[in-house]
Every structure is written in C-alpha cells, then in structure tokens.
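Down below is the structure, laid out as structure tokens.
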Amino acid sequence: MLPIPRSNIQSIRPYKPGKPIEQVVRELGLKGPVDKLASNENPLGPSRLALAALRKELRNLHYYPEDSCYYLRKRLARKLGVDMDSVIVGNGSVELILFSCLAYLEPGNELIMSIGSFIMAKIGARIMNARLIEVPTHEYTHDLERILEAITDKTKIVYLDNPMNPLGTMVTKDKLNEFFEQVPKHVLVIVDDAYAEYITARNYPKSLDYYNANHNVLILHTFSKIYGLAGLRIGYGIAQPDIIANLSKVRLPFNANRAAQAAALAALDDKAHLTRSRKNNEAGKKVLYRAFKQFKVFYLPSFANFVFANFPVDSRVVFEAFQQRGVITRPVKQYGFPNALRVTIGTPVQNKRFVKALTAIMKELHGEGQ
C-alpha cells in the first residue's frame, strides 16, 4: 500500500513549462535551427555585465550563497527608494507567489484571480486547499469591478498579473488606482509586474505608488524576462516589512544561488541592454501583428514580450506544425483557450522564420478547409 497524500493533492495540475529546445530536437530529430518562442525569454540573451559577473563568481560555487541576499536587496532598495526590509528575493518571482499562499492561506480562505491569469496563483491556492475564485475578464483584461464584488471576509489574496500572462493585456493606472481605493484592508493584493520593464505606455501603473501609500500590496518583479536570466531563476518582491517578514518565514534557506545573485546585481547596471531589448521587442511586435492580420488570425495587442493568437483549429495542430518547422510556441489550453498559442517575440531572424512557418501552416489549413 502506498502512502496516502492529502486529499487536495490529487486535484492539483502541475505547472507545465514550455518545451525546451533540447527536447524538441531529440523527439523530432530536427537538423536545422530551432527557435524557442514559447517561454517569453529575452531573445537577445543576458547583459554582458551579467555574464562578466557570472564568470567571476564561478570560482566561488563551492560556497553556499549569502542567504539574505544582502547586496542585491541593498541595491534594489536603493534603486526603488524603499527600505531593505521591504525587499525579498526568490527563486524566480514565481516562488514568491507560492510563499504568499503558504504564509496567508488556510482551508476555507479565498484567493481571487482572473480567468486567463498566470496559473501559479491557482496552483498555490490548490496546494493550501483554499477556495479559488476565478473572475471572467472584460475584453480580455482584468475586470476589477467584478473582482471587488467577489471579495468577502474570507478573501485573503487577490492576484493581478499586469500585463496578464498569457493574454498580454494591461490594466491602466486610473483603473488600478480606483481598485486600491476600494479594496478591503484585510486583503493582500499581489501585483505581478513581470513584464513591466518592457512597457512604454504612459498609463501603465507605478505599483510602488501603492506601496508608498501603505496598501497591503506585494509587487513582483523578475530577472527572467527583459534581463535575460531565466536560467538562473531569480526574482524579487516589494511589500511592507511585516508582509516580507511573513513571507520569509516560509522561505527555504539559500533559495537564491550565488551565481544568480551576482548576475542579477550586475544586470541592474546595464541600462543599454534594457534599451536594446525594449527596441527589439517593439519592432518584433509589428512583424507578428502584420503576419496575423495577413492571415486573419485573431490576436491581442500586447504590452509584454509575447503575442496571444487564436487560430481557427485546435492549438495542438498548429503547435505541432510549428514544431515540425523548427519553431516552438506555447499552447495555452490550461488557461481556457483551446485554439490559442502564445508566441514570444524573437530576434528579427527568429521572427522572420516564424512568419515563414506561419505562412506555410495557414496555407495548409486553408487547403484542408476547401
């Protein structure tokens, strides 16, 4: 007889990451170039400053990391204008979502999120056997009014990814300001700003304003996206010191490794890399938009480094057709969109290969429909 897990464990569907290049090459025996446009990584790679710091740190990998991430937290606190006690570092910002659930949710408590939001908050609620409330979006964006209406005295966490992943849509500053004016004090609002550094829109909210106004907010950022350090797994959160102290109680020792801390610290100083990455992203969006318009594929204008596209057939068919042509995309069925793919914006060469593959696939689909 096998050990019996907690009753709620059976209902948890683990997070499924995008397929790595190595797996696709192994499974399909591909010989040509393979472009991974599935996981919203920066196609330009890491900052040269981060790489230099990483090479220097390699000689110290036999030592445990500095557990409190002192120097990275100090640098982030100075950059953000907050106290060090208001900053926590995680093994990716995704770990901080889990910490929030571990620290604040009990059976019977509620976590509210939108349908189509990043799935880790849902998994965290399931782990804690809390009640998950999923609110429909309005025009593919968080419906903040309905979220407010859904809050009860049992609600402990509201999760808002802004932009939303995998949709790429954004809540504006005015709407989020109104939301924070009305949200009850007993609720922790997680604002996930994973793609904030890509955004150039003037009406994008400054989440630190809500921290500075003493709202119960946890602001999440990551080094996995524009900073190009996804393989090192490091992110950070900003909140009032009491909230950070609670999250720290469920943190495992040494959760941020030496290499990640060193690379992240250096990456913060490479503003030129951020500018190049932002420019590449804005140019790439236009290429993908034109291609989707040409083939009448529904897509959502994106504020992130990916584009949500809905096809006329099951996304698995299109996903596999792209894979055969050496392009890895991301089906988002688990988010409730059976015909949709999320496509990361690549380099100009990668985007060109994506458009070439899309052209061939849409011609095949058109032929099958005749």
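Naming works like this for the structure tokens: A, B, ... for the chains as they're shown, residue 1 at the start of each chain, ligands 1 onward in shown order.
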Exercise for review: Excluding A:Val82 and residues on its chain fewer than 5 positions from it, collect all residues at most 10 Å away from it, counting only C-alpha atoms, and give them as a list in words.
Suggested key: Lys74, Leu76, Ala77, Val87, Leu208, Tyr211, Asn212, Ile238, Ala239 and Gln240 of chain A
Exercise for review: Excluding A:Leu288 and any residue of its chain fewer than 2 positions from it, enumerate the residues within 8 Å of it, using only C-alpha atoms, and give them as a PyMOL selection string.
Suggested key: chain A and resi 284-286+290-292+307+345+351+355
Exercise for review: Report as an NGL selection string: the residues of stretch 168-299 of chain A with a DSSP assignment of alpha helix (DSSP H), based on the backbone of this structure.
Suggested key: :A and (173-182 or 208-212 or 241-248 or 258-267 or 271-294)
Point to revise | Nearest residue to A:Asp193 from the set A:Gly237, A:Gly231, A:Gly18, A:Pro33 (distances using only C-alpha atoms) | key: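 The closest residue to A:Asp193 is A:Gly237.
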**Study point:** Contacts of A:Leu30 at 9 Å (only C-alpha atoms; same-chain gap of 3+ positions) as a list in words
**Key:**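 Answer for this query is Val24, Val25, Arg26, Glu27, Pro33, Val34, Gln324, Arg325 and Gly326 of chain A.
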Residues as selected, all heavy atoms, written as a compact mmCIF listing (two decimals), in the first residue's frame, can you do that?
# COMPACT_ATOMS: atom_id res chain seq x y z
N VAL A 24 12.72 19.10 -28.06
CA VAL A 24 12.12 19.10 -29.40
C VAL A 24 13.08 18.49 -30.42
O VAL A 24 12.69 17.68 -31.27
CB VAL A 24 11.73 20.53 -29.82
CG1 VAL A 24 11.28 20.57 -31.26
CG2 VAL A 24 10.64 21.06 -28.90
N VAL A 25 14.36 18.84 -30.34
CA VAL A 25 15.35 18.27 -31.25
C VAL A 25 15.43 16.77 -31.06
O VAL A 25 15.49 16.00 -32.03
CB VAL A 25 16.74 18.92 -31.01
CG1 VAL A 25 17.82 18.19 -31.78
CG2 VAL A 25 16.70 20.39 -31.41
N ARG A 26 15.43 16.33 -29.80
CA ARG A 26 15.52 14.89 -29.50
C ARG A 26 14.30 14.13 -30.02
O ARG A 26 14.43 13.06 -30.62
CB ARG A 26 15.66 14.72 -27.99
CG ARG A 26 15.86 13.27 -27.54
CD ARG A 26 16.16 13.22 -26.05
NE ARG A 26 15.04 13.66 -25.23
CZ ARG A 26 15.04 14.76 -24.49
NH1 ARG A 26 16.10 15.55 -24.49
NH2 ARG A 26 14.00 15.08 -23.75
N GLU A 27 13.11 14.69 -29.80
CA GLU A 27 11.88 13.99 -30.17
C GLU A 27 11.64 13.97 -31.68
O GLU A 27 11.16 12.96 -32.22
CB GLU A 27 10.69 14.64 -29.47
CG GLU A 27 10.67 14.42 -27.97
CD GLU A 27 9.52 15.16 -27.29
OE1 GLU A 27 8.84 15.98 -27.94
OE2 GLU A 27 9.30 14.92 -26.09
N PRO A 33 18.06 24.98 -37.59
CA PRO A 33 17.90 25.82 -36.39
C PRO A 33 16.52 25.63 -35.76
O PRO A 33 15.53 25.43 -36.46
CB PRO A 33 18.07 27.24 -36.94
CG PRO A 33 17.71 27.14 -38.38
CD PRO A 33 18.17 25.78 -38.82
N VAL A 34 16.48 25.69 -34.44
CA VAL A 34 15.23 25.59 -33.71
C VAL A 34 15.08 26.86 -32.88
O VAL A 34 15.96 27.22 -32.11
CB VAL A 34 15.18 24.35 -32.79
CG1 VAL A 34 13.90 24.34 -31.96
CG2 VAL A 34 15.29 23.08 -33.62
N GLN A 324 7.41 21.06 -36.23
CA GLN A 324 7.99 20.37 -37.38
C GLN A 324 8.85 21.31 -38.21
O GLN A 324 9.77 20.87 -38.91
CB GLN A 324 6.89 19.75 -38.24
CG GLN A 324 6.13 18.59 -37.59
CD GLN A 324 6.98 17.34 -37.42
OE1 GLN A 324 8.02 17.18 -38.06
NE2 GLN A 324 6.54 16.43 -36.56
N ARG A 325 8.57 22.58 -38.13
CA ARG A 325 9.33 23.59 -38.89
C ARG A 325 10.37 24.29 -38.03
O ARG A 325 10.92 25.32 -38.41
CB ARG A 325 8.35 24.61 -39.51
CG ARG A 325 7.47 23.99 -40.61
CD ARG A 325 6.31 24.89 -40.97
NE ARG A 325 5.60 24.39 -42.14
CZ ARG A 325 4.67 23.44 -42.10
NH1 ARG A 325 4.34 22.89 -40.92
NH2 ARG A 325 4.08 23.04 -43.21
N GLY A 326 10.64 23.74 -36.86
CA GLY A 326 11.69 24.27 -36.01
C GLY A 326 11.34 25.50 -35.21
O GLY A 326 12.22 26.27 -34.82
Exercise for review: Could you please determine the separation between atom CA of A:Glu364 and atom CA of A:Thr347 in Å, to one decimal place?
Suggested key: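 Computing the Euclidean distance for atom CA of A:Glu364 and atom CA of A:Thr347 yields 25.7 Å.
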Review point. Which polymer residues have any atom within 12 Å of an atom of stretch 57-63 of chain A, counting only C-alpha atoms, with same-chain residues fewer than 5 positions away left out, as a VMD selection string?
Key: chain A and resid 50 to 52 254 257 to 266
List every residue of stretch 40-117 of chain A that has an atom at most 12 Å from any atom of stretch 195-200 of chain A, and for each one report the closest atom pair and its distance in Å to one decimal, counting only C-alpha atoms, with rows sorted by chain and then by increasing residue number, as a tab-separated table.
residue	atom	partner	partner_atom	distance
A:Asn40	CA	A:Tyr195	CA	9.5
A:Glu41	CA	A:Tyr195	CA	10.7
A:Asn42	CA	A:Tyr198	CA	10.6
A:Ser93	CA	A:Tyr195	CA	11.5
With N, CA, C and O atoms retained, export the selected residues as a PDB file, in the first residue's frame.
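Once written, part.pdb looks like this:
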ATOM      1  N   ASN A  40       8.789  33.223 -23.247  1.00  0.00           N
ATOM      2  CA  ASN A  40       8.941  34.660 -23.001  1.00  0.00           C
ATOM      3  C   ASN A  40      10.321  35.044 -22.469  1.00  0.00           C
ATOM      4  O   ASN A  40      10.466  35.988 -21.682  1.00  0.00           O
ATOM      5  N   GLU A  41      11.339  34.281 -22.894  1.00  0.00           N
ATOM      6  CA  GLU A  41      12.712  34.643 -22.564  1.00  0.00           C
ATOM      7  C   GLU A  41      13.167  35.784 -23.470  1.00  0.00           C
ATOM      8  O   GLU A  41      12.614  36.006 -24.537  1.00  0.00           O
ATOM      9  N   ASN A  42      14.192  36.508 -23.038  1.00  0.00           N
ATOM     10  CA  ASN A  42      14.743  37.581 -23.848  1.00  0.00           C
ATOM     11  C   ASN A  42      15.595  36.972 -24.964  1.00  0.00           C
ATOM     12  O   ASN A  42      16.628  36.347 -24.684  1.00  0.00           O
ATOM     13  N   SER A  93      10.316  35.024  -9.451  1.00  0.00           N
ATOM     14  CA  SER A  93       9.185  35.642  -8.755  1.00  0.00           C
ATOM     15  C   SER A  93       8.063  34.637  -8.530  1.00  0.00           C
ATOM     16  O   SER A  93       7.233  34.814  -7.625  1.00  0.00           O
TER      17      SER A  93
END
Check your understanding: atom CA of A:Glu145 and atom CA of A:Val183 are how many Å apart?
Key -> 10.2 Å
Exercise for review: Mind checking which residues fall within 9 Å of A:Val89, counting only C-alpha atoms, ignoring those fewer than 5 positions away in the same chain, and posting them as an NGL selection string?
Suggested key: :A and (68-69 or 72-73 or 96 or 234-237 or 255-256)
Export, as a PDB file, in the first residue's frame, the selected residues with all heavy atoms.
ATOM      1  N   SER A  68      20.725  35.935   2.949  1.00  0.00           N
ATOM      2  CA  SER A  68      19.794  37.069   2.987  1.00  0.00           C
ATOM      3  C   SER A  68      19.811  37.890   1.702  1.00  0.00           C
ATOM      4  O   SER A  68      19.041  38.844   1.580  1.00  0.00           O
ATOM      5  CB  SER A  68      20.120  37.978   4.172  1.00  0.00           C
ATOM      6  OG  SER A  68      21.323  38.698   3.927  1.00  0.00           O
ATOM      7  N   CYS A  69      20.683  37.540   0.751  1.00  0.00           N
ATOM      8  CA  CYS A  69      20.823  38.315  -0.495  1.00  0.00           C
ATOM      9  C   CYS A  69      21.089  39.782  -0.174  1.00  0.00           C
ATOM     10  O   CYS A  69      20.520  40.695  -0.797  1.00  0.00           O
ATOM     11  CB  CYS A  69      19.584  38.183  -1.373  1.00  0.00           C
ATOM     12  SG  CYS A  69      19.200  36.499  -1.873  1.00  0.00           S
ATOM     13  N   LEU A  72      22.215  42.325  -3.097  1.00  0.00           N
ATOM     14  CA  LEU A  72      21.174  42.512  -4.107  1.00  0.00           C
ATOM     15  C   LEU A  72      19.992  43.274  -3.517  1.00  0.00           C
ATOM     16  O   LEU A  72      19.451  44.191  -4.151  1.00  0.00           O
ATOM     17  CB  LEU A  72      20.722  41.158  -4.657  1.00  0.00           C
ATOM     18  CG  LEU A  72      19.620  41.207  -5.728  1.00  0.00           C
ATOM     19  CD1 LEU A  72      20.035  42.078  -6.906  1.00  0.00           C
ATOM     20  CD2 LEU A  72      19.272  39.786  -6.190  1.00  0.00           C
ATOM     21  N   ARG A  73      19.587  42.931  -2.311  1.00  0.00           N
ATOM     22  CA  ARG A  73      18.477  43.640  -1.669  1.00  0.00           C
ATOM     23  C   ARG A  73      18.841  45.100  -1.408  1.00  0.00           C
ATOM     24  O   ARG A  73      18.016  46.004  -1.572  1.00  0.00           O
ATOM     25  CB  ARG A  73      18.080  42.940  -0.371  1.00  0.00           C
ATOM     26  CG  ARG A  73      17.349  41.624  -0.593  1.00  0.00           C
ATOM     27  CD  ARG A  73      17.118  40.848   0.702  1.00  0.00           C
ATOM     28  NE  ARG A  73      16.519  41.659   1.735  1.00  0.00           N
ATOM     29  CZ  ARG A  73      17.101  41.924   2.916  1.00  0.00           C
ATOM     30  NH1 ARG A  73      18.315  41.437   3.194  1.00  0.00           N
ATOM     31  NH2 ARG A  73      16.476  42.664   3.797  1.00  0.00           N
ATOM     32  N   LEU A  96       7.742  33.469  -5.060  1.00  0.00           N
ATOM     33  CA  LEU A  96       7.136  34.408  -4.121  1.00  0.00           C
ATOM     34  C   LEU A  96       5.613  34.322  -4.143  1.00  0.00           C
ATOM     35  O   LEU A  96       4.956  34.628  -3.140  1.00  0.00           O
ATOM     36  CB  LEU A  96       7.609  35.824  -4.423  1.00  0.00           C
ATOM     37  CG  LEU A  96       9.131  36.012  -4.376  1.00  0.00           C
ATOM     38  CD1 LEU A  96       9.504  37.444  -4.721  1.00  0.00           C
ATOM     39  CD2 LEU A  96       9.680  35.622  -3.007  1.00  0.00           C
ATOM     40  N   ILE A 234      15.776  33.875 -10.661  1.00  0.00           N
ATOM     41  CA  ILE A 234      15.832  34.870  -9.599  1.00  0.00           C
ATOM     42  C   ILE A 234      14.829  35.986  -9.873  1.00  0.00           C
ATOM     43  O   ILE A 234      14.669  36.440 -11.007  1.00  0.00           O
ATOM     44  CB  ILE A 234      17.271  35.427  -9.421  1.00  0.00           C
ATOM     45  CG1 ILE A 234      17.354  36.301  -8.167  1.00  0.00           C
ATOM     46  CG2 ILE A 234      17.751  36.153 -10.670  1.00  0.00           C
ATOM     47  CD1 ILE A 234      18.772  36.505  -7.668  1.00  0.00           C
ATOM     48  N   GLY A 235      14.117  36.377  -8.833  1.00  0.00           N
ATOM     49  CA  GLY A 235      13.152  37.463  -8.899  1.00  0.00           C
ATOM     50  C   GLY A 235      13.058  38.110  -7.537  1.00  0.00           C
ATOM     51  O   GLY A 235      13.741  37.697  -6.592  1.00  0.00           O
ATOM     52  N   TYR A 236      12.217  39.139  -7.409  1.00  0.00           N
ATOM     53  CA  TYR A 236      12.123  39.810  -6.121  1.00  0.00           C
ATOM     54  C   TYR A 236      10.738  40.393  -5.907  1.00  0.00           C
ATOM     55  O   TYR A 236       9.962  40.576  -6.860  1.00  0.00           O
ATOM     56  CB  TYR A 236      13.186  40.907  -5.976  1.00  0.00           C
ATOM     57  CG  TYR A 236      13.104  42.036  -6.981  1.00  0.00           C
ATOM     58  CD1 TYR A 236      12.450  43.232  -6.669  1.00  0.00           C
ATOM     59  CD2 TYR A 236      13.697  41.924  -8.231  1.00  0.00           C
ATOM     60  CE1 TYR A 236      12.381  44.281  -7.575  1.00  0.00           C
ATOM     61  CE2 TYR A 236      13.645  42.972  -9.145  1.00  0.00           C
ATOM     62  CZ  TYR A 236      12.985  44.136  -8.817  1.00  0.00           C
ATOM     63  OH  TYR A 236      12.917  45.168  -9.715  1.00  0.00           O
ATOM     64  N   GLY A 237      10.436  40.655  -4.636  1.00  0.00           N
ATOM     65  CA  GLY A 237       9.162  41.252  -4.265  1.00  0.00           C
ATOM     66  C   GLY A 237       9.370  42.447  -3.366  1.00  0.00           C
ATOM     67  O   GLY A 237      10.358  42.514  -2.627  1.00  0.00           O
ATOM     68  N   ASN A 255      17.643  30.055  -1.013  1.00  0.00           N
ATOM     69  CA  ASN A 255      16.748  29.871  -2.167  1.00  0.00           C
ATOM     70  C   ASN A 255      17.220  30.626  -3.405  1.00  0.00           C
ATOM     71  O   ASN A 255      16.771  30.322  -4.513  1.00  0.00           O
ATOM     72  CB  ASN A 255      15.311  30.291  -1.815  1.00  0.00           C
ATOM     73  CG  ASN A 255      15.188  31.767  -1.482  1.00  0.00           C
ATOM     74  OD1 ASN A 255      16.020  32.319  -0.766  1.00  0.00           O
ATOM     75  ND2 ASN A 255      14.159  32.417  -1.988  1.00  0.00           N
ATOM     76  N   ALA A 256      18.118  31.587  -3.250  1.00  0.00           N
ATOM     77  CA  ALA A 256      18.688  32.289  -4.396  1.00  0.00           C
ATOM     78  C   ALA A 256      20.183  31.976  -4.450  1.00  0.00           C
ATOM     79  O   ALA A 256      20.939  32.334  -3.544  1.00  0.00           O
ATOM     80  CB  ALA A 256      18.461  33.796  -4.276  1.00  0.00           C
TER      81      ALA A 256
END
Exercise for review: Quick one: pick out all strand (DSSP E or B) residues within stretch 149-202 of chain A from a backbone DSSP run and write them as a PyMOL selection string.
Suggested key: chain A and resi 155-161+188-192
Exercise for review: For A:Pro17, list every protein, DNA or RNA residue within 12 Å, evaluated using only C-alpha atoms, and leave out those in the same chain fewer than 2 positions away; present the list as a list in words.
Suggested key: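 Selected residues are Pro14, Tyr15, Lys19, Pro20, Ala38, Ser39, Asn40, Phe118, Ile119, Met120, Ile328, Thr329, Arg330, Pro331, Val332 and Gln334 of chain A.
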Review point. Neighbours of A:Ala103 within 8 Å (only C-alpha atoms; same-chain residues fewer than 5 positions away dropped), as a ChimeraX atom specification?
Key: /A:246-247,249-250
What are the nearest atom pairs, with distances in Å to one decimal, for all residues of stretch 87-115 of chain A that come at most 7 Å from stretch 155-172 of chain A, using only C-alpha atoms, set out by chain and rising residue number as a Markdown table?
| residue | atom | partner | partner_atom | distance |
| --- | --- | --- | --- | --- |
| A:Tyr104 | CA | A:Lys156 | CA | 6.7 |
| A:Leu105 | CA | A:Lys156 | CA | 6.7 |
| A:Asn109 | CA | A:Thr155 | CA | 5.8 |
| A:Glu110 | CA | A:Thr155 | CA | 4.3 |
| A:Leu111 | CA | A:Ile157 | CA | 4.8 |
| A:Ile112 | CA | A:Val158 | CA | 4.7 |
| A:Met113 | CA | A:Tyr159 | CA | 5.1 |
Those selected residues, please, written with C-alpha atoms and delivered as a tab-separated table (two decimals), in the first residue's frame.
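The file below, again_14.tsv, is the result:
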chain	number	residue	atom	x	y	z
A	104	TYR	CA	-1.53	33.63	4.16
A	105	LEU	CA	-3.93	30.90	3.03
A	109	ASN	CA	-9.77	31.15	2.82
A	110	GLU	CA	-10.20	32.57	-0.67
A	111	LEU	CA	-7.82	33.57	-3.42
A	112	ILE	CA	-9.30	35.62	-6.26
A	113	MET	CA	-7.79	35.85	-9.73
**Study point:** Counting only C-alpha atoms, the option among A:Leu176, A:Ala267, A:Ala194, A:Ala121 closest to A:Leu144
**Key:**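 Looking only at the distances to A:Leu144, the closest residue turns out to be A:Leu176.
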